[in-house]
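Containing PDB, C-alpha atoms and all ligand atoms: work-v3.pdb.
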```
ATOM      1  CA  LEU A 175     -16.447 -47.904 -14.700
ATOM      2  CA  GLN A 176     -19.395 -49.322 -12.749
ATOM      3  CA  ALA A 177     -17.334 -52.367 -11.717
ATOM      4  CA  LEU A 178     -14.492 -50.156 -10.468
ATOM      5  CA  ALA A 179     -16.875 -48.008  -8.450
ATOM      6  CA  GLY A 180     -18.536 -51.115  -7.010
ATOM      7  CA  ARG A 181     -15.168 -52.317  -5.786
ATOM      8  CA  ILE A 182     -14.500 -49.050  -3.929
ATOM      9  CA  ARG A 183     -18.068 -48.834  -2.560
ATOM     10  CA  PRO A 184     -20.070 -52.060  -2.813
ATOM     11  CA  GLY A 185     -23.567 -51.297  -4.079
ATOM     12  CA  PHE A 186     -22.633 -47.820  -5.303
ATOM     13  CA  ARG A 187     -24.042 -46.973  -8.727
ATOM     14  CA  LEU A 188     -22.621 -44.707 -11.365
ATOM     15  CA  GLY A 189     -25.339 -43.205 -13.492
ATOM     16  CA  ALA A 190     -25.826 -41.306 -16.726
ATOM     17  CA  ALA A 191     -28.632 -39.211 -18.148
ATOM     18  CA  VAL A 192     -30.215 -41.054 -21.056
ATOM     19  CA  ALA A 193     -32.330 -40.120 -24.059
ATOM     20  CA  LEU A 194     -34.408 -42.558 -26.088
ATOM     21  CA  GLY A 195     -33.230 -41.290 -29.490
ATOM     22  CA  PRO A 196     -29.636 -42.522 -29.324
ATOM     23  CA  LEU A 197     -30.600 -45.475 -27.123
ATOM     24  CA  ALA A 198     -32.889 -46.754 -29.860
ATOM     25  CA  SER A 199     -30.709 -45.866 -32.844
ATOM     26  CA  ASP A 200     -27.022 -46.016 -31.897
ATOM     27  CA  PRO A 201     -25.557 -49.377 -30.842
ATOM     28  CA  ASP A 202     -22.385 -47.664 -29.515
ATOM     29  CA  TYR A 203     -24.475 -45.610 -27.123
ATOM     30  CA  GLY A 204     -26.196 -48.638 -25.619
ATOM     31  CA  ARG A 205     -22.930 -50.583 -25.424
ATOM     32  CA  VAL A 206     -21.131 -47.757 -23.624
ATOM     33  CA  LEU A 207     -24.088 -47.193 -21.299
ATOM     34  CA  VAL A 208     -24.537 -50.802 -20.253
ATOM     35  CA  GLY A 209     -20.787 -51.442 -20.096
ATOM     36  CA  ASN A 210     -20.006 -48.547 -17.779
ATOM     37  CA  PHE A 211     -23.039 -47.489 -15.786
ATOM     38  CA  GLY A 212     -25.334 -49.030 -13.224
ATOM     39  CA  ALA A 213     -28.086 -46.420 -13.214
ATOM     40  CA  ILE A 214     -29.838 -43.968 -15.481
ATOM     41  CA  THR A 215     -31.825 -40.763 -15.248
ATOM     42  CA  PRO A 216     -34.218 -40.170 -18.159
ATOM     43  CA  GLU A 217     -32.927 -36.836 -19.440
ATOM     44  CA  ASN A 218     -36.252 -35.368 -20.582
ATOM     45  CA  ALA A 219     -38.738 -38.207 -20.963
ATOM     46  CA  MET A 220     -40.408 -37.841 -17.551
ATOM     47  CA  LYS A 221     -40.742 -34.064 -17.543
ATOM     48  CA  ALA A 222     -44.310 -32.789 -17.304
ATOM     49  CA  GLN A 223     -44.203 -31.094 -20.692
ATOM     50  CA  ASN A 224     -43.368 -34.456 -22.253
ATOM     51  CA  ILE A 225     -45.791 -36.697 -20.393
ATOM     52  CA  SER A 226     -48.884 -34.543 -20.040
ATOM     53  CA  PRO A 227     -49.658 -32.470 -23.144
ATOM     54  CA  GLN A 228     -53.206 -31.771 -21.895
ATOM     55  CA  GLN A 229     -54.713 -31.845 -18.443
ATOM     56  CA  GLY A 230     -55.596 -35.457 -17.631
ATOM     57  CA  VAL A 231     -53.853 -36.779 -20.776
ATOM     58  CA  TYR A 232     -50.680 -38.807 -20.339
ATOM     59  CA  THR A 233     -48.078 -39.879 -22.882
ATOM     60  CA  PHE A 234     -45.736 -42.241 -21.091
ATOM     61  CA  GLY A 235     -44.432 -44.062 -24.182
ATOM     62  CA  GLU A 236     -40.963 -42.590 -24.337
ATOM     63  CA  ALA A 237     -40.309 -42.912 -20.615
ATOM     64  CA  ASP A 238     -41.666 -46.464 -20.610
ATOM     65  CA  ALA A 239     -39.368 -47.398 -23.502
ATOM     66  CA  ILE A 240     -36.330 -46.083 -21.605
ATOM     67  CA  LEU A 241     -37.405 -47.890 -18.434
ATOM     68  CA  ALA A 242     -37.871 -51.132 -20.363
ATOM     69  CA  VAL A 243     -34.254 -50.979 -21.539
ATOM     70  CA  ALA A 244     -33.033 -50.123 -18.034
ATOM     71  CA  GLU A 245     -35.006 -52.986 -16.531
ATOM     72  CA  SER A 246     -33.769 -55.485 -19.100
ATOM     73  CA  LYS A 247     -30.150 -54.447 -18.444
ATOM     74  CA  GLY A 248     -30.384 -54.241 -14.651
ATOM     75  CA  LEU A 249     -29.884 -50.482 -14.484
ATOM     76  CA  ALA A 250     -31.443 -48.613 -11.557
ATOM     77  CA  VAL A 251     -33.657 -45.670 -12.505
ATOM     78  CA  HIS A 252     -33.759 -42.204 -10.967
ATOM     79  CA  GLY A 253     -36.923 -40.323 -11.929
ATOM     80  CA  HIS A 254     -36.637 -36.735 -13.145
ATOM     81  CA  THR A 255     -38.812 -34.777 -12.334
ATOM     82  CA  ILE A 256     -42.211 -33.761 -10.877
ATOM     83  CA  ALA A 257     -42.299 -30.000 -10.118
ATOM     84  CA  PHE A 258     -39.928 -28.147 -12.454
ATOM     85  CA  THR A 259     -40.652 -24.578 -13.584
ATOM     86  CA  GLU A 260     -38.786 -24.913 -16.839
ATOM     87  CA  ALA A 261     -40.489 -28.037 -18.104
ATOM     88  CA  MET A 262     -44.217 -27.537 -17.597
ATOM     89  CA  PRO A 263     -46.856 -27.908 -20.286
ATOM     90  CA  ARG A 264     -48.954 -24.863 -21.101
ATOM     91  CA  TRP A 265     -52.080 -26.115 -19.296
ATOM     92  CA  MET A 266     -50.145 -26.470 -16.056
ATOM     93  CA  GLN A 267     -48.517 -23.044 -16.241
ATOM     94  CA  ASP A 268     -51.899 -21.495 -16.983
ATOM     95  CA  LEU A 269     -53.874 -23.007 -14.098
ATOM     96  CA  PRO A 270     -55.720 -20.173 -12.347
ATOM     97  CA  ALA A 271     -54.571 -19.178  -8.863
ATOM     98  CA  GLY A 272     -56.202 -15.796  -8.243
ATOM     99  CA  THR A 273     -58.943 -16.730  -5.793
ATOM    100  CA  ASP A 274     -59.305 -19.344  -3.057
ATOM    101  CA  ALA A 275     -61.719 -21.318  -5.206
ATOM    102  CA  GLU A 276     -59.294 -21.243  -8.135
ATOM    103  CA  ARG A 277     -56.419 -22.321  -5.937
ATOM    104  CA  ARG A 278     -58.504 -25.214  -4.615
ATOM    105  CA  SER A 279     -59.409 -26.509  -8.053
ATOM    106  CA  SER A 280     -55.873 -25.998  -9.370
ATOM    107  CA  ALA A 281     -54.485 -27.835  -6.329
ATOM    108  CA  THR A 282     -56.669 -30.789  -7.242
ATOM    109  CA  ALA A 283     -55.429 -30.670 -10.850
ATOM    110  CA  LEU A 284     -51.778 -30.582  -9.749
ATOM    111  CA  LEU A 285     -52.181 -33.324  -7.147
ATOM    112  CA  ASP A 286     -54.021 -35.468  -9.682
ATOM    113  CA  TYR A 287     -51.048 -35.015 -11.994
ATOM    114  CA  VAL A 288     -48.580 -36.083  -9.271
ATOM    115  CA  SER A 289     -50.676 -39.063  -8.338
ATOM    116  CA  ALA A 290     -51.171 -40.260 -11.930
ATOM    117  CA  VAL A 291     -47.471 -40.005 -12.769
ATOM    118  CA  VAL A 292     -46.119 -41.558  -9.587
ATOM    119  CA  THR A 293     -48.701 -44.350  -9.710
ATOM    120  CA  HIS A 294     -47.759 -45.084 -13.319
ATOM    121  CA  PHE A 295     -44.050 -45.491 -12.442
ATOM    122  CA  LYS A 296     -44.624 -47.076  -9.018
ATOM    123  CA  GLY A 297     -42.138 -49.813  -8.172
ATOM    124  CA  ARG A 298     -39.842 -48.998 -11.077
ATOM    125  CA  LEU A 299     -37.985 -45.971  -9.694
ATOM    126  CA  ASP A 300     -35.418 -46.086  -6.915
ATOM    127  CA  SER A 301     -35.528 -42.376  -6.405
ATOM    128  CA  LEU A 302     -37.202 -39.280  -7.781
ATOM    129  CA  ASP A 303     -36.617 -35.536  -8.022
ATOM    130  CA  VAL A 304     -39.884 -34.300  -6.571
ATOM    131  CA  VAL A 305     -38.823 -30.682  -6.949
ATOM    132  CA  ASN A 306     -36.222 -29.549  -9.472
ATOM    133  CA  GLU A 307     -34.437 -26.203  -9.449
ATOM    134  CA  PRO A 308     -36.700 -24.524  -6.885
ATOM    135  CA  PHE A 309     -34.655 -21.336  -6.566
ATOM    136  CA  ASP A 310     -34.609 -18.118  -8.547
ATOM    137  CA  THR A 311     -31.798 -17.587 -11.061
ATOM    138  CA  ASP A 312     -28.340 -19.062 -10.818
ATOM    139  CA  GLN A 313     -27.406 -17.529  -7.486
ATOM    140  CA  GLY A 314     -30.814 -16.921  -5.929
ATOM    141  CA  THR A 315     -31.979 -18.280  -2.593
ATOM    142  CA  GLY A 316     -35.719 -17.560  -2.880
ATOM    143  CA  LEU A 317     -38.294 -19.912  -4.365
ATOM    144  CA  GLN A 318     -39.371 -19.318  -7.955
ATOM    145  CA  GLU A 319     -42.994 -18.250  -7.871
ATOM    146  CA  ASN A 320     -44.207 -20.869 -10.328
ATOM    147  CA  ILE A 321     -47.674 -22.382 -10.469
ATOM    148  CA  TRP A 322     -46.895 -24.804  -7.625
ATOM    149  CA  TYR A 323     -45.943 -21.844  -5.457
ATOM    150  CA  ARG A 324     -48.957 -19.783  -6.482
ATOM    151  CA  VAL A 325     -51.350 -22.639  -5.736
ATOM    152  CA  PHE A 326     -49.852 -24.134  -2.551
ATOM    153  CA  GLY A 327     -47.748 -21.254  -1.247
ATOM    154  CA  PRO A 328     -44.130 -21.405  -0.060
ATOM    155  CA  GLY A 329     -44.728 -24.843   1.451
ATOM    156  CA  TYR A 330     -45.450 -26.335  -1.971
ATOM    157  CA  PRO A 331     -42.522 -28.799  -1.895
ATOM    158  CA  ALA A 332     -44.167 -30.481   1.105
ATOM    159  CA  ALA A 333     -47.490 -30.725  -0.737
ATOM    160  CA  VAL A 334     -45.744 -32.357  -3.697
ATOM    161  CA  SER A 335     -43.713 -34.626  -1.440
ATOM    162  CA  ARG A 336     -46.751 -35.829   0.495
ATOM    163  CA  ALA A 337     -48.636 -36.565  -2.722
ATOM    164  CA  VAL A 338     -45.654 -38.534  -4.051
ATOM    165  CA  TYR A 339     -45.482 -40.476  -0.802
ATOM    166  CA  ASP A 340     -49.185 -41.276  -0.909
ATOM    167  CA  ALA A 341     -48.772 -42.766  -4.386
ATOM    168  CA  ASP A 342     -45.435 -44.520  -3.745
ATOM    169  CA  PRO A 343     -44.051 -44.572  -0.202
ATOM    170  CA  ASP A 344     -40.933 -46.464  -1.308
ATOM    171  CA  VAL A 345     -39.457 -44.104  -3.883
ATOM    172  CA  LYS A 346     -36.662 -42.047  -2.323
ATOM    173  CA  GLN A 347     -37.482 -38.389  -2.723
ATOM    174  CA  TYR A 348     -34.998 -35.671  -3.561
ATOM    175  CA  ILE A 349     -34.942 -31.927  -4.098
ATOM    176  CA  ASN A 350     -32.492 -31.244  -6.922
ATOM    177  CA  GLU A 351     -30.713 -27.939  -7.516
ATOM    178  CA  ASN A 352     -27.788 -26.398  -9.356
ATOM    179  CA  GLY A 353     -25.185 -24.035  -7.962
ATOM    180  CA  ALA A 354     -25.406 -25.531  -4.468
ATOM    181  CA  ASP A 355     -22.375 -27.805  -4.806
ATOM    182  CA  VAL A 356     -20.035 -25.745  -2.648
ATOM    183  CA  PRO A 357     -20.699 -24.049   0.701
ATOM    184  CA  GLY A 358     -22.489 -20.701   0.443
ATOM    185  CA  PRO A 359     -25.889 -19.009   0.692
ATOM    186  CA  ARG A 360     -27.497 -21.100  -2.015
ATOM    187  CA  GLN A 361     -26.406 -24.326  -0.369
ATOM    188  CA  ASP A 362     -27.683 -23.052   2.981
ATOM    189  CA  ALA A 363     -31.011 -22.274   1.324
ATOM    190  CA  LEU A 364     -31.244 -25.775  -0.168
ATOM    191  CA  LEU A 365     -30.521 -27.365   3.189
ATOM    192  CA  ARG A 366     -33.151 -25.179   4.857
ATOM    193  CA  LEU A 367     -35.689 -25.975   2.159
ATOM    194  CA  ALA A 368     -35.202 -29.735   2.541
ATOM    195  CA  LEU A 369     -35.516 -29.571   6.336
ATOM    196  CA  ASP A 370     -38.443 -27.171   6.187
ATOM    197  CA  THR A 371     -40.211 -29.468   3.723
ATOM    198  CA  ASN A 372     -39.889 -32.371   6.127
ATOM    199  CA  ALA A 373     -40.988 -30.206   9.043
ATOM    200  CA  ARG A 374     -44.172 -29.599   7.037
ATOM    201  CA  GLY A 375     -44.794 -33.319   6.671
ATOM    202  CA  GLY A 376     -42.734 -33.965   3.544
ATOM    203  CA  HIS A 377     -40.677 -37.093   2.925
ATOM    204  CA  ILE A 378     -37.431 -35.724   1.528
ATOM    205  CA  TYR A 379     -34.627 -38.247   1.734
ATOM    206  CA  GLY A 380     -31.872 -36.049   0.424
ATOM    207  CA  VAL A 381     -30.740 -33.448  -2.048
ATOM    208  CA  GLY A 382     -29.447 -33.719  -5.572
ATOM    209  CA  LEU A 383     -26.453 -31.526  -6.276
ATOM    210  CA  GLN A 384     -26.404 -31.077 -10.035
ATOM    211  CA  ALA A 385     -22.686 -30.234 -10.225
ATOM    212  CA  HIS A 386     -22.852 -28.720 -13.698
ATOM    213  CA  VAL A 387     -19.531 -26.953 -14.163
ATOM    214  CA  TYR A 388     -20.141 -24.474 -16.949
ATOM    215  CA  ASN A 389     -16.931 -22.566 -16.410
ATOM    216  CA  LEU A 390     -13.842 -24.101 -14.856
ATOM    217  CA  GLU A 391     -12.406 -20.718 -13.963
ATOM    218  CA  THR A 392     -15.425 -19.331 -12.158
ATOM    219  CA  ASP A 393     -17.408 -22.320 -10.894
ATOM    220  CA  ALA A 394     -15.075 -25.228 -10.428
ATOM    221  CA  ILE A 395     -15.996 -27.584  -7.575
ATOM    222  CA  PRO A 396     -12.930 -28.164  -5.403
ATOM    223  CA  ALA A 397     -12.854 -31.624  -3.821
ATOM    224  CA  ARG A 398     -12.398 -30.126  -0.374
ATOM    225  CA  ASP A 399     -15.494 -27.950  -0.714
ATOM    226  CA  LEU A 400     -17.559 -30.835  -1.989
ATOM    227  CA  ALA A 401     -16.405 -33.053   0.877
ATOM    228  CA  ARG A 402     -17.416 -30.356   3.353
ATOM    229  CA  THR A 403     -20.762 -30.045   1.603
ATOM    230  CA  LEU A 404     -21.405 -33.763   1.925
ATOM    231  CA  ARG A 405     -20.670 -33.613   5.647
ATOM    232  CA  THR A 406     -23.005 -30.640   6.074
ATOM    233  CA  PHE A 407     -25.962 -32.520   4.610
ATOM    234  CA  GLN A 408     -25.048 -35.719   6.416
ATOM    235  CA  ASP A 409     -24.939 -33.898   9.749
ATOM    236  CA  ALA A 410     -28.442 -32.617   8.996
ATOM    237  CA  GLY A 411     -29.672 -36.177   8.338
ATOM    238  CA  LEU A 412     -29.925 -35.808   4.563
ATOM    239  CA  LEU A 413     -28.256 -37.840   1.846
ATOM    240  CA  VAL A 414     -26.744 -36.410  -1.313
ATOM    241  CA  ARG A 415     -26.758 -37.563  -4.908
ATOM    242  CA  ILE A 416     -24.433 -35.952  -7.400
ATOM    243  CA  SER A 417     -27.162 -35.764  -9.984
ATOM    244  CA  GLU A 418     -26.038 -34.089 -13.230
ATOM    245  CA  ASN A 419     -22.274 -33.626 -13.249
ATOM    246  CA  ASP A 420     -20.680 -32.404 -16.450
ATOM    247  CA  VAL A 421     -17.732 -30.145 -17.048
ATOM    248  CA  VAL A 422     -17.663 -27.688 -19.910
ATOM    249  CA  ASP A 423     -14.326 -26.910 -21.486
ATOM    250  CA  ASP A 424     -13.580 -25.838 -25.031
ATOM    251  CA  ASP A 425     -10.212 -27.439 -25.263
ATOM    252  CA  GLY A 426     -10.463 -30.731 -23.431
ATOM    253  CA  THR A 427      -7.863 -29.731 -20.857
ATOM    254  CA  GLU A 428      -6.356 -31.744 -18.046
ATOM    255  CA  ALA A 429      -8.211 -29.447 -15.620
ATOM    256  CA  GLN A 430     -11.480 -30.672 -17.072
ATOM    257  CA  ALA A 431     -10.522 -34.320 -16.710
ATOM    258  CA  GLN A 432      -9.361 -33.680 -13.141
ATOM    259  CA  GLN A 433     -12.612 -31.914 -12.277
ATOM    260  CA  TYR A 434     -14.610 -34.992 -13.257
ATOM    261  CA  ALA A 435     -12.276 -37.229 -11.278
ATOM    262  CA  ALA A 436     -12.446 -34.974  -8.215
ATOM    263  CA  VAL A 437     -16.243 -35.078  -8.110
ATOM    264  CA  VAL A 438     -16.475 -38.840  -8.685
ATOM    265  CA  GLU A 439     -13.766 -39.604  -6.154
ATOM    266  CA  THR A 440     -15.126 -37.313  -3.438
ATOM    267  CA  CYS A 441     -18.564 -38.828  -3.817
ATOM    268  CA  LEU A 442     -17.282 -42.403  -3.857
ATOM    269  CA  ARG A 443     -15.302 -41.831  -0.668
ATOM    270  CA  SER A 444     -18.174 -40.352   1.355
ATOM    271  CA  SER A 445     -20.949 -42.439   2.854
ATOM    272  CA  ALA A 446     -23.159 -39.335   2.622
ATOM    273  CA  CYS A 447     -22.991 -39.483  -1.174
ATOM    274  CA  VAL A 448     -25.340 -42.203  -2.367
ATOM    275  CA  SER A 449     -24.744 -42.023  -6.105
ATOM    276  CA  TYR A 450     -23.058 -40.140  -8.925
ATOM    277  CA  THR A 451     -24.685 -39.336 -12.264
ATOM    278  CA  THR A 452     -23.142 -37.589 -15.236
ATOM    279  CA  TRP A 453     -25.463 -35.605 -17.514
ATOM    280  CA  GLY A 454     -24.960 -37.573 -20.702
ATOM    281  CA  VAL A 455     -23.041 -40.437 -22.198
ATOM    282  CA  ASP A 456     -21.282 -39.392 -25.376
ATOM    283  CA  ASN A 457     -20.149 -36.088 -26.875
ATOM    284  CA  ARG A 458     -22.081 -36.962 -30.000
ATOM    285  CA  TYR A 459     -25.295 -36.280 -28.044
ATOM    286  CA  ASP A 460     -24.222 -33.317 -25.991
ATOM    287  CA  TRP A 461     -27.160 -31.510 -24.349
ATOM    288  CA  LEU A 462     -25.472 -28.217 -25.110
ATOM    289  CA  ILE A 463     -25.598 -28.818 -28.871
ATOM    290  CA  ASP A 464     -28.206 -26.531 -30.444
ATOM    291  CA  ASP A 465     -30.938 -27.836 -32.699
ATOM    292  CA  ASP A 466     -28.977 -26.538 -35.682
ATOM    293  CA  GLY A 467     -26.080 -28.785 -34.678
ATOM    294  CA  SER A 468     -23.770 -26.053 -33.401
ATOM    295  CA  LEU A 469     -22.082 -26.461 -30.056
ATOM    296  CA  GLN A 470     -22.987 -23.645 -27.650
ATOM    297  CA  GLN A 471     -20.072 -24.405 -25.420
ATOM    298  CA  GLY A 472     -17.238 -26.899 -25.476
ATOM    299  CA  HIS A 473     -18.012 -30.083 -23.622
ATOM    300  CA  ASP A 474     -16.599 -33.462 -22.951
ATOM    301  CA  TYR A 475     -18.426 -36.456 -21.617
ATOM    302  CA  LEU A 476     -16.745 -39.664 -20.598
ATOM    303  CA  PHE A 477     -17.114 -40.979 -24.174
ATOM    304  CA  GLU A 478     -16.906 -39.656 -27.694
ATOM    305  CA  ASN A 479     -18.195 -41.689 -30.611
ATOM    306  CA  GLY A 480     -18.179 -44.730 -28.342
ATOM    307  CA  GLN A 481     -14.539 -44.281 -27.283
ATOM    308  CA  PRO A 482     -13.216 -43.207 -23.853
ATOM    309  CA  THR A 483     -12.216 -39.548 -23.437
ATOM    310  CA  ALA A 484      -9.617 -37.935 -21.145
ATOM    311  CA  PRO A 485     -12.248 -37.489 -18.389
ATOM    312  CA  TYR A 486     -12.983 -41.227 -18.608
ATOM    313  CA  HIS A 487      -9.309 -42.054 -18.102
ATOM    314  CA  ALA A 488      -9.087 -39.642 -15.174
ATOM    315  CA  VAL A 489     -12.182 -41.178 -13.555
ATOM    316  CA  ARG A 490     -10.757 -44.670 -14.011
ATOM    317  CA  LYS A 491      -7.774 -43.726 -11.876
ATOM    318  CA  VAL A 492      -9.762 -42.626  -8.822
TER     319      VAL A 492
HETATM  320  C1  LIG B 501     -31.828 -30.462 -20.012
HETATM  321  C2  LIG B 501     -31.724 -31.561 -21.067
HETATM  322  O1  LIG B 501     -30.455 -32.174 -20.961
HETATM  323  C3  LIG B 501     -31.918 -30.966 -22.444
HETATM  324  O2  LIG B 501     -31.973 -31.999 -23.416
HETATM  325  C4  LIG B 501     -33.216 -30.153 -22.483
HETATM  326  O3  LIG B 501     -33.320 -29.511 -23.732
HETATM  327  C5  LIG B 501     -33.233 -29.107 -21.368
HETATM  328  O4  LIG B 501     -33.034 -29.756 -20.138
HETATM  329  N1  LIG B 501     -30.814 -29.172 -15.185
HETATM  330  C6  LIG B 501     -31.794 -30.129 -15.166
HETATM  331  C7  LIG B 501     -32.091 -30.907 -16.396
HETATM  332  O5  LIG B 501     -32.341 -30.428 -14.097
HETATM  333  O6  LIG B 501     -33.440 -31.268 -16.489
HETATM  334  C8  LIG B 501     -31.670 -30.169 -17.633
HETATM  335  O7  LIG B 501     -31.803 -31.062 -18.739
HETATM  336  C9  LIG B 501     -30.248 -29.676 -17.506
HETATM  337  C10 LIG B 501     -30.109 -28.715 -16.364
END
```

Could you render the structure as structure tokens?
Ligand code: XIL
Amino acid sequence: LQALAGRIRPGFRLGAAVALGPLASDPDYGRVLVGNFGAITPENAMKAQNISPQQGVYTFGEADAILAVAESKGLAVHGHTIAFTEAMPRWMQDLPAGTDAERRSSATALLDYVSAVVTHFKGRLDSLDVVNEPFDTDQGTGLQENIWYRVFGPGYPAAVSRAVYDADPDVKQYINENGADVPGPRQDALLRLALDTNARGGHIYGVGLQAHVYNLETDAIPARDLARTLRTFQDAGLLVRISENDVVDDDGTEAQAQQYAAVVETCLRSSACVSYTTWGVDNRYDWLIDDDGSLQQGHDYLFENGQPTAPYHAVRKV
């Protein structure tokens, strides 16, 4: 797949979210990954809850192991993620923010975290989600009032962005969000947030549109709407990555395969869309499989047990 995409758009990389477990244990997984993709996003390994169990303590082993594989295979790496409400360790969530003095000391703790992490990965990431899923709920347009917000205020993305820039001016910074893939209030809010962040001295290069399609009937992403979206961000001077595309469908329908193809094709054909990443490699390691092994929702990645699926074949034809 990567070679096909490179022929349509020289230099364009197709990516996949990657976990160390299957990468280390399943030869099919590595073969499919290296044979079809030119970039990876560590699925969980760089999240704060996984790399900083205690304040000032860092456990980079899993992320480093994934990066070592990527580097040895020539895969570009997108970092995921610095400020993300859902994936914070306890100590971070519990930082005090009641008084000015508390906010000052917590700001130092948070900025130390950013600096330590970005310095550790410096030079090895092409791009990075500095803020992930900033907005309330699935449809919301207001910022979640997480610890970053409570410490730095509504301009917190700029504080994070500046700290990332200070540690690594070369990594391309993104704000990544779901449910902003088609025109509407949430997309408007994401655009405003990115521009506002830069107006406050941030260094945001573009936005990540997650493009998770959990329900083909209610939240499909029509190619036309996505194309319009890409133009909107481009006109505002921002680039777009399709960052986490996957399409849930119980039955493996043609509509599902076509939805994948529509997103890949629209991105490939727009200079505003810098890369496309799908949120997983193989149905065997579906992120919507519960710990007890049951599937919460039907799903279909581009591969199943190392073999191409219908979405793969649809993407090949773009
Ligand atoms: C998901 C991972 O895929 C799961 O393994 C983990 O249990 C929860 O997080 N949006 C994001 C990703 O930005 O970080 C999420 O990843 C999927 C939704």

Exercise. Neighbours of ligand LIG 501 (chain B) within 6 Å, counting all atoms listed in the file, as a list in words?
Worked result: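 Listed by chain and ascending number, the contacts are Glu217, Asn218 and Trp461 of chain A.
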
Mind dumping the selected residues with C-alpha atoms as a PDB file, in the coordinates of the input?
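selection-v8.pdb, written as the output of this step:
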```
ATOM      1  CA  GLU A 217     -32.927 -36.836 -19.440  1.00  0.00           C
ATOM      2  CA  ASN A 218     -36.252 -35.368 -20.582  1.00  0.00           C
ATOM      3  CA  TRP A 461     -27.160 -31.510 -24.349  1.00  0.00           C
TER       4      TRP A 461
END
```

For this session: Name the residues that the PyMOL selection byres (((chain A and resi 205) around 12) and not hetatm) pulls out of this structure, and write them as a list of chain:residue names.
Result: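 After applying the PyMOL selection byres (((chain A and resi 205) around 12) and not hetatm), what remains is A:Pro196, A:Leu197, A:Ala198, A:Ser199, A:Asp200, A:Pro201, A:Asp202, A:Tyr203, A:Gly204, A:Val206, A:Leu207, A:Val208, A:Gly209, A:Asn210, A:Phe211, A:Val243, A:Lys247, A:Val455, A:Asp456, A:Phe477, A:Asn479, A:Gly480, A:Gln481.
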
Problem set entry | Interatomic distance, CA of Glu351 (chain A) to CA of Asp420 (chain A) (Å, one decimal) |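 Taking CA of Glu351 (chain A) as the start and CA of Asp420 (chain A) as the end point, the length is 14.2 Å.
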
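Distance annotation: of A:His473, A:Arg458, A:Arg443, A:Arg187, the residue with the minimal separation from Asn389 (chain A) is A:His473; atom set is only C-alpha atoms.
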
Residue members of the PyMOL selection byres (((chain A and resi 453) around 9) and not hetatm) in the file shown, as a PDB file with C-alpha atoms, in the coordinates of the input:
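Full text of result-v1.pdb as output:
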```pdb
ATOM      1  CA  GLY A 189     -25.339 -43.205 -13.492  1.00  0.00           C
ATOM      2  CA  ALA A 190     -25.826 -41.306 -16.726  1.00  0.00           C
ATOM      3  CA  ALA A 191     -28.632 -39.211 -18.148  1.00  0.00           C
ATOM      4  CA  VAL A 192     -30.215 -41.054 -21.056  1.00  0.00           C
ATOM      5  CA  THR A 215     -31.825 -40.763 -15.248  1.00  0.00           C
ATOM      6  CA  GLU A 217     -32.927 -36.836 -19.440  1.00  0.00           C
ATOM      7  CA  GLN A 384     -26.404 -31.077 -10.035  1.00  0.00           C
ATOM      8  CA  HIS A 386     -22.852 -28.720 -13.698  1.00  0.00           C
ATOM      9  CA  SER A 417     -27.162 -35.764  -9.984  1.00  0.00           C
ATOM     10  CA  GLU A 418     -26.038 -34.089 -13.230  1.00  0.00           C
ATOM     11  CA  ASN A 419     -22.274 -33.626 -13.249  1.00  0.00           C
ATOM     12  CA  ASP A 420     -20.680 -32.404 -16.450  1.00  0.00           C
ATOM     13  CA  THR A 451     -24.685 -39.336 -12.264  1.00  0.00           C
ATOM     14  CA  THR A 452     -23.142 -37.589 -15.236  1.00  0.00           C
ATOM     15  CA  GLY A 454     -24.960 -37.573 -20.702  1.00  0.00           C
ATOM     16  CA  VAL A 455     -23.041 -40.437 -22.198  1.00  0.00           C
ATOM     17  CA  ASP A 460     -24.222 -33.317 -25.991  1.00  0.00           C
ATOM     18  CA  TRP A 461     -27.160 -31.510 -24.349  1.00  0.00           C
ATOM     19  CA  TYR A 475     -18.426 -36.456 -21.617  1.00  0.00           C
TER      20      TYR A 475
END
```

Problem set entry | Residue nearest Glu307 (chain A) among A:Pro270, A:Gly382, A:Pro396, A:Gly195 (counting all atoms listed in the file) |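 Among the listed residues, the smallest separation from Glu307 (chain A) belongs to A:Gly382.
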
All residues 8 Å or closer to region 398-415 of chain A, only C-alpha atoms, same chain fewer than 3 positions away omitted, as a JSON list (two decimals) with C-alpha atoms, keeping the file's coordinate frame:
```
[["chain", "number", "residue", "atom", "x", "y", "z"],
["A", 355, "ASP", "CA", -22.38, -27.80, -4.81],
["A", 356, "VAL", "CA", -20.04, -25.74, -2.65],
["A", 357, "PRO", "CA", -20.70, -24.05, 0.70],
["A", 365, "LEU", "CA", -30.52, -27.36, 3.19],
["A", 379, "TYR", "CA", -34.63, -38.25, 1.73],
["A", 380, "GLY", "CA", -31.87, -36.05, 0.42],
["A", 381, "VAL", "CA", -30.74, -33.45, -2.05],
["A", 382, "GLY", "CA", -29.45, -33.72, -5.57],
["A", 383, "LEU", "CA", -26.45, -31.53, -6.28],
["A", 395, "ILE", "CA", -16.00, -27.58, -7.58],
["A", 437, "VAL", "CA", -16.24, -35.08, -8.11],
["A", 440, "THR", "CA", -15.13, -37.31, -3.44],
["A", 441, "CYS", "CA", -18.56, -38.83, -3.82],
["A", 444, "SER", "CA", -18.17, -40.35, 1.36],
["A", 446, "ALA", "CA", -23.16, -39.34, 2.62],
["A", 447, "CYS", "CA", -22.99, -39.48, -1.17],
["A", 448, "VAL", "CA", -25.34, -42.20, -2.37],
["A", 449, "SER", "CA", -24.74, -42.02, -6.10],
["A", 450, "TYR", "CA", -23.06, -40.14, -8.93],
["A", 451, "THR", "CA", -24.68, -39.34, -12.26]]
```
